[in-house]
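What follows is the content of protein-v5.pdb, which has PDB, C-alpha atoms, pLDDT in the B column:
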```
ATOM      1  CA  MET A 310       0.000   0.000   0.000  1.00 59.00           C
ATOM      2  CA  SER A 311       1.438   3.392  -0.986  1.00 84.00           C
ATOM      3  CA  THR A 312       1.252   6.323   1.416  1.00 90.00           C
ATOM      4  CA  PRO A 313      -0.332   9.643   0.368  1.00 94.00           C
ATOM      5  CA  LYS A 314       1.995  12.639   0.110  1.00 95.00           C
ATOM      6  CA  LEU A 315       1.012  15.821   1.921  1.00 96.00           C
ATOM      7  CA  VAL A 316       1.702  18.677  -0.507  1.00 96.00           C
ATOM      8  CA  ALA A 317       0.129  21.696   1.240  1.00 95.00           C
ATOM      9  CA  VAL A 318      -1.065  22.922   4.636  1.00 96.00           C
ATOM     10  CA  VAL A 319      -2.988  26.207   4.345  1.00 93.00           C
ATOM     11  CA  PRO A 320      -4.376  28.107   7.370  1.00 93.00           C
ATOM     12  CA  SER A 321      -7.142  30.528   6.416  1.00 90.00           C
ATOM     13  CA  GLU A 322     -10.089  32.514   7.640  1.00 87.00           C
ATOM     14  CA  ASP A 323     -12.467  29.916   6.226  1.00 87.00           C
ATOM     15  CA  PHE A 324     -13.067  27.295   3.546  1.00 85.00           C
ATOM     16  CA  LEU A 325     -16.198  26.544   1.581  1.00 83.00           C
ATOM     17  CA  GLN A 326     -17.216  23.625  -0.590  1.00 78.00           C
ATOM     18  CA  SER A 327     -19.642  24.264  -3.463  1.00 77.00           C
ATOM     19  CA  LEU A 328     -22.292  21.687  -2.613  1.00 77.00           C
ATOM     20  CA  SER A 329     -24.764  23.078  -5.163  1.00 75.00           C
ATOM     21  CA  MET A 330     -22.374  22.510  -8.075  1.00 74.00           C
ATOM     22  CA  PRO A 331     -21.630  19.035  -9.404  1.00 78.00           C
ATOM     23  CA  ASP A 332     -17.837  19.581  -9.261  1.00 73.00           C
ATOM     24  CA  ARG A 333     -17.951  20.273  -5.458  1.00 73.00           C
ATOM     25  CA  ARG A 334     -14.907  22.521  -5.718  1.00 78.00           C
ATOM     26  CA  ILE A 335     -13.429  24.143  -2.644  1.00 80.00           C
ATOM     27  CA  SER A 336     -12.677  27.818  -2.012  1.00 83.00           C
ATOM     28  CA  ILE A 337     -10.094  28.823   0.579  1.00 85.00           C
ATOM     29  CA  HIS A 338     -10.947  32.284   1.905  1.00 85.00           C
ATOM     30  CA  ARG A 339      -8.280  34.737   3.154  1.00 86.00           C
ATOM     31  CA  VAL A 340      -5.118  32.692   3.659  1.00 88.00           C
ATOM     32  CA  PHE A 341      -3.111  33.981   6.607  1.00 83.00           C
ATOM     33  CA  TYR A 342       0.472  33.690   7.749  1.00 77.00           C
ATOM     34  CA  ASP A 343       0.266  35.273  11.177  1.00 84.00           C
ATOM     35  CA  LEU A 344      -2.089  35.966  14.056  1.00 87.00           C
ATOM     36  CA  PHE A 345      -1.953  38.918  16.385  1.00 85.00           C
ATOM     37  CA  ALA A 346      -3.383  40.131  19.671  1.00 88.00           C
ATOM     38  CA  PRO A 347      -2.769  43.151  21.911  1.00 88.00           C
ATOM     39  CA  THR A 348      -2.420  41.071  25.110  1.00 89.00           C
ATOM     40  CA  TYR A 349      -1.582  37.517  26.120  1.00 90.00           C
ATOM     41  CA  PRO A 350      -2.808  34.967  26.812  1.00 92.00           C
ATOM     42  CA  ALA A 351      -5.121  35.333  23.799  1.00 92.00           C
ATOM     43  CA  GLN A 352      -7.819  33.042  22.516  1.00 91.00           C
ATOM     44  CA  ALA A 353      -7.634  31.699  18.944  1.00 89.00           C
ATOM     45  CA  ARG A 354     -11.214  30.475  18.704  1.00 89.00           C
ATOM     46  CA  ARG A 355     -11.075  29.056  15.185  1.00 91.00           C
ATOM     47  CA  ILE A 356      -8.183  28.390  12.814  1.00 93.00           C
ATOM     48  CA  PRO A 357      -9.466  26.556   9.719  1.00 94.00           C
ATOM     49  CA  VAL A 358      -6.720  24.592   7.959  1.00 95.00           C
ATOM     50  CA  THR A 359      -6.845  22.943   4.529  1.00 94.00           C
ATOM     51  CA  MET A 360      -4.499  20.018   3.863  1.00 95.00           C
ATOM     52  CA  ILE A 361      -3.955  18.645   0.358  1.00 94.00           C
ATOM     53  CA  PHE A 362      -2.798  15.045  -0.091  1.00 95.00           C
ATOM     54  CA  CYS A 363      -1.810  13.368  -3.367  1.00 94.00           C
ATOM     55  CA  GLY A 364      -1.672   9.693  -4.259  1.00 92.00           C
ATOM     56  CA  GLY A 365      -1.710   6.672  -2.036  1.00 91.00           C
ATOM     57  CA  ALA A 366      -4.164   3.867  -1.512  1.00 91.00           C
ATOM     58  CA  GLY A 367      -6.175   2.745   1.487  1.00 92.00           C
ATOM     59  CA  LYS A 368      -7.629   4.398   4.576  1.00 94.00           C
ATOM     60  CA  TYR A 369      -5.561   6.726   6.746  1.00 95.00           C
ATOM     61  CA  GLN A 370      -5.770   8.416  10.131  1.00 96.00           C
ATOM     62  CA  GLY A 371      -4.186  11.768  10.845  1.00 96.00           C
ATOM     63  CA  ARG A 372      -4.074  14.680  13.203  1.00 97.00           C
ATOM     64  CA  LEU A 373      -3.329  18.367  12.996  1.00 98.00           C
ATOM     65  CA  GLN A 374      -1.673  20.034  15.980  1.00 98.00           C
ATOM     66  CA  LEU A 375      -1.133  23.683  16.827  1.00 97.00           C
ATOM     67  CA  VAL A 376       2.167  23.742  18.748  1.00 97.00           C
ATOM     68  CA  ASP A 377       3.468  26.757  20.689  1.00 96.00           C
ATOM     69  CA  PRO A 378       7.097  28.006  20.725  1.00 96.00           C
ATOM     70  CA  ALA A 379       7.787  25.985  23.900  1.00 96.00           C
ATOM     71  CA  GLY A 380       6.778  22.780  22.095  1.00 97.00           C
ATOM     72  CA  ASP A 381       3.465  22.342  23.911  1.00 96.00           C
ATOM     73  CA  THR A 382       0.390  21.288  21.937  1.00 97.00           C
ATOM     74  CA  VAL A 383      -2.219  24.055  22.121  1.00 95.00           C
ATOM     75  CA  ALA A 384      -4.917  22.302  20.069  1.00 96.00           C
ATOM     76  CA  GLU A 385      -5.443  19.134  18.097  1.00 97.00           C
ATOM     77  CA  ALA A 386      -7.922  17.937  15.471  1.00 97.00           C
ATOM     78  CA  ARG A 387      -8.132  14.337  14.259  1.00 97.00           C
ATOM     79  CA  PHE A 388      -9.241  13.199  10.812  1.00 96.00           C
ATOM     80  CA  SER A 389      -9.445  10.124   8.599  1.00 94.00           C
ATOM     81  CA  PHE A 390      -9.751   9.710   4.848  1.00 92.00           C
ATOM     82  CA  GLN A 391      -9.653   7.312   1.925  1.00 91.00           C
ATOM     83  CA  ALA A 392      -6.605   8.093  -0.210  1.00 89.00           C
ATOM     84  CA  SER A 393      -7.113   9.004  -3.866  1.00 86.00           C
ATOM     85  CA  THR A 394      -5.307  10.811  -6.678  1.00 87.00           C
ATOM     86  CA  MET A 395      -5.889  14.098  -4.842  1.00 85.00           C
ATOM     87  CA  PHE A 396      -7.685  14.530  -1.561  1.00 88.00           C
ATOM     88  CA  VAL A 397      -8.471  17.737   0.317  1.00 89.00           C
ATOM     89  CA  GLN A 398      -8.893  17.444   4.083  1.00 91.00           C
ATOM     90  CA  HIS A 399     -10.166  20.234   6.310  1.00 92.00           C
ATOM     91  CA  ALA A 400      -9.665  20.621  10.044  1.00 94.00           C
ATOM     92  CA  VAL A 401     -10.303  23.378  12.560  1.00 94.00           C
ATOM     93  CA  VAL A 402      -8.089  24.003  15.587  1.00 95.00           C
ATOM     94  CA  GLY A 403      -8.250  26.672  18.246  1.00 92.00           C
ATOM     95  CA  GLY A 404      -6.989  27.295  21.729  1.00 90.00           C
ATOM     96  CA  GLU A 405      -5.110  29.563  24.085  1.00 92.00           C
ATOM     97  CA  LEU A 406      -2.067  31.369  22.749  1.00 93.00           C
ATOM     98  CA  ARG A 407      -0.059  31.985  25.915  1.00 93.00           C
ATOM     99  CA  PHE A 408       2.541  34.271  24.321  1.00 92.00           C
ATOM    100  CA  PRO A 409       3.644  35.626  20.930  1.00 94.00           C
ATOM    101  CA  GLY A 410       6.228  33.778  18.855  1.00 94.00           C
ATOM    102  CA  GLU A 411       6.675  31.124  16.190  1.00 95.00           C
ATOM    103  CA  TYR A 412       3.926  28.515  16.497  1.00 95.00           C
ATOM    104  CA  ARG A 413       3.687  25.476  14.210  1.00 96.00           C
ATOM    105  CA  LEU A 414       0.926  23.583  12.485  1.00 97.00           C
ATOM    106  CA  ASP A 415       2.098  19.958  12.557  1.00 98.00           C
ATOM    107  CA  THR A 416       0.290  17.441  10.379  1.00 98.00           C
ATOM    108  CA  TRP A 417       0.697  13.791  11.338  1.00 98.00           C
ATOM    109  CA  LEU A 418      -0.275  10.881   9.117  1.00 96.00           C
ATOM    110  CA  GLU A 419      -0.401   7.438  10.737  1.00 94.00           C
ATOM    111  CA  ASP A 420       1.729   8.725  13.660  1.00 92.00           C
ATOM    112  CA  ARG A 421       4.467  10.082  11.381  1.00 96.00           C
ATOM    113  CA  LEU A 422       5.076  13.805  10.989  1.00 98.00           C
ATOM    114  CA  ALA A 423       4.129  14.600   7.379  1.00 97.00           C
ATOM    115  CA  MET A 424       4.620  18.392   7.429  1.00 97.00           C
ATOM    116  CA  SER A 425       5.266  21.250   9.818  1.00 97.00           C
ATOM    117  CA  VAL A 426       4.486  24.829   8.784  1.00 95.00           C
ATOM    118  CA  PRO A 427       5.152  28.020  10.774  1.00 95.00           C
ATOM    119  CA  LEU A 428       2.390  30.294  12.026  1.00 93.00           C
ATOM    120  CA  THR A 429       3.711  33.486  13.573  1.00 92.00           C
ATOM    121  CA  VAL A 430       1.807  34.949  16.518  1.00 92.00           C
ATOM    122  CA  VAL A 431       2.576  38.653  16.841  1.00 91.00           C
ATOM    123  CA  SER A 432       2.135  40.960  19.804  1.00 87.00           C
ATOM    124  CA  THR A 433       0.607  44.345  19.031  1.00 82.00           C
ATOM    125  CA  ALA A 434       0.522  46.976  21.735  1.00 61.00           C
ATOM    126  CA  PRO A 435      -2.918  48.591  22.199  1.00 54.00           C
ATOM    127  CA  ASP A 436      -1.421  52.055  21.580  1.00 54.00           C
ATOM    128  CA  GLU A 437      -0.113  51.184  18.081  1.00 50.00           C
ATOM    129  CA  GLY A 438      -3.516  51.898  16.555  1.00 46.00           C
ATOM    130  CA  VAL A 439      -4.537  51.965  12.918  1.00 41.00           C
ATOM    131  CA  ALA A 440      -2.077  54.752  12.048  1.00 38.00           C
ATOM    132  CA  ALA A 441       0.835  52.413  12.777  1.00 35.00           C
ATOM    133  CA  GLY A 442      -0.635  49.689  10.573  1.00 36.00           C
ATOM    134  CA  ALA A 443      -2.459  47.660  13.212  1.00 36.00           C
ATOM    135  CA  VAL A 444      -6.002  46.595  12.402  1.00 37.00           C
ATOM    136  CA  PRO A 445      -8.524  46.774  15.240  1.00 40.00           C
ATOM    137  CA  GLN A 446      -9.349  43.255  16.415  1.00 42.00           C
ATOM    138  CA  GLU A 447     -13.097  43.660  15.803  1.00 45.00           C
ATOM    139  CA  ALA A 448     -12.343  44.588  12.167  1.00 42.00           C
ATOM    140  CA  ALA A 449     -10.087  41.582  11.574  1.00 43.00           C
ATOM    141  CA  PRO A 450     -12.036  38.325  12.068  1.00 46.00           C
ATOM    142  CA  ASP A 451      -9.075  36.265  10.784  1.00 48.00           C
ATOM    143  CA  LYS A 452      -6.878  37.452  13.603  1.00 49.00           C
ATOM    144  CA  VAL A 453      -6.829  36.186  17.180  1.00 52.00           C
TER     145      VAL A 453
END
```

Reformat the file's structure so that it appears as structure tokens.
Amino acid sequence: MSTPKLVAVVPSEDFLQSLSMPDRRISIHRVFYDLFAPTYPAQARRIPVTMIFCGGAGKYQGRLQLVDPAGDTVAEARFSFQASTMFVQHAVVGGELRFPGEYRLDTWLEDRLAMSVPLTVVSTAPDEGVAAGAVPQEAAPDKV
């Protein structure tokens, strides 16, 4: 049995599958590379992640973990799928971000690390304001 290859891990604001269309294509909405909050600990309520696998045969189990800079797992989502030529898997993680820094999204397939991608969590002081380039939290639903 050949193992699927994970080719992409994409955190975003949301994902949507076109259920009304026969092709059932998927849209990934507002890909992001960082999260920010004015104070810590902060709550990341919802981080949708799209994973794209290619090839393989058989059924597989996996998990997606959000890992903080200290190496502690903040959140985990489990999934399973039937491998095919191309398979798109979605998962949602969320949890407490205790401090800013370089977090990771680790994707495990059958208890083997398949991919690790960085997700930077940035501290923004409340006094930076919009003039300094900060976006107010209530205006940025994709941020922490």

In Å to one decimal, how far is CA of Gln326 in chain A from CA of Thr429 in chain A?
27.1 Å

Which is closer to Gln352 in chain A than all the others in A:Leu406, A:Leu325, A:Leu428, A:Ala423, using only C-alpha atoms?
A:Leu406

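Comparing the minimum interatomic distances between Ala353 in chain A and each of A:Val401, A:Arg387, A:Ile337, A:Phe396, counting only C-alpha atoms, we find that A:Val401 sits nearest.
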
Step by step: start from the point (-7.9, 25.2, 13.9) in the file's coordinates, keep every protein, DNA or RNA residue that has an atom no farther than 10 Å from it, count only C-alpha atoms, and write the set as a ChimeraX atom specification.
/A:320-322,353-359,373-375,384-386,399-404,414

Could those selected residues go to a file with C-alpha atoms, as a PDB file, in the frame of the given file?
```
ATOM      1  CA  PRO A 320      -4.376  28.107   7.370  1.00 93.00           C
ATOM      2  CA  SER A 321      -7.142  30.528   6.416  1.00 90.00           C
ATOM      3  CA  GLU A 322     -10.089  32.514   7.640  1.00 87.00           C
ATOM      4  CA  ALA A 353      -7.634  31.699  18.944  1.00 89.00           C
ATOM      5  CA  ARG A 354     -11.214  30.475  18.704  1.00 89.00           C
ATOM      6  CA  ARG A 355     -11.075  29.056  15.185  1.00 91.00           C
ATOM      7  CA  ILE A 356      -8.183  28.390  12.814  1.00 93.00           C
ATOM      8  CA  PRO A 357      -9.466  26.556   9.719  1.00 94.00           C
ATOM      9  CA  VAL A 358      -6.720  24.592   7.959  1.00 95.00           C
ATOM     10  CA  THR A 359      -6.845  22.943   4.529  1.00 94.00           C
ATOM     11  CA  LEU A 373      -3.329  18.367  12.996  1.00 98.00           C
ATOM     12  CA  GLN A 374      -1.673  20.034  15.980  1.00 98.00           C
ATOM     13  CA  LEU A 375      -1.133  23.683  16.827  1.00 97.00           C
ATOM     14  CA  ALA A 384      -4.917  22.302  20.069  1.00 96.00           C
ATOM     15  CA  GLU A 385      -5.443  19.134  18.097  1.00 97.00           C
ATOM     16  CA  ALA A 386      -7.922  17.937  15.471  1.00 97.00           C
ATOM     17  CA  HIS A 399     -10.166  20.234   6.310  1.00 92.00           C
ATOM     18  CA  ALA A 400      -9.665  20.621  10.044  1.00 94.00           C
ATOM     19  CA  VAL A 401     -10.303  23.378  12.560  1.00 94.00           C
ATOM     20  CA  VAL A 402      -8.089  24.003  15.587  1.00 95.00           C
ATOM     21  CA  GLY A 403      -8.250  26.672  18.246  1.00 92.00           C
ATOM     22  CA  GLY A 404      -6.989  27.295  21.729  1.00 90.00           C
ATOM     23  CA  LEU A 414       0.926  23.583  12.485  1.00 97.00           C
TER      24      LEU A 414
END
```

Close residues, range 361-369 of chain A itself excluded, 12 Å, only C-alpha atoms, min 6 positions apart in chain, as number ranges by chain
A: 310-320, 335, 337, 387-400, 416-421, 423-424

What does the distance between CA of Pro347 in chain A and CA of Phe324 in chain A come to in Å, to one decimal place?
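Value for the CA of Pro347 in chain A-CA of Phe324 in chain A distance: 26.4 Å.
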
Protein, DNA and RNA residues within 8 Å of (5.6, 25.8, 11.2), all atoms listed in the file, as a PyMOL selection string
chain A and resi 411-415+425-428

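We find CA of Val340 in chain A and CA of Ala379 in chain A to be spaced 24.9 Å apart.
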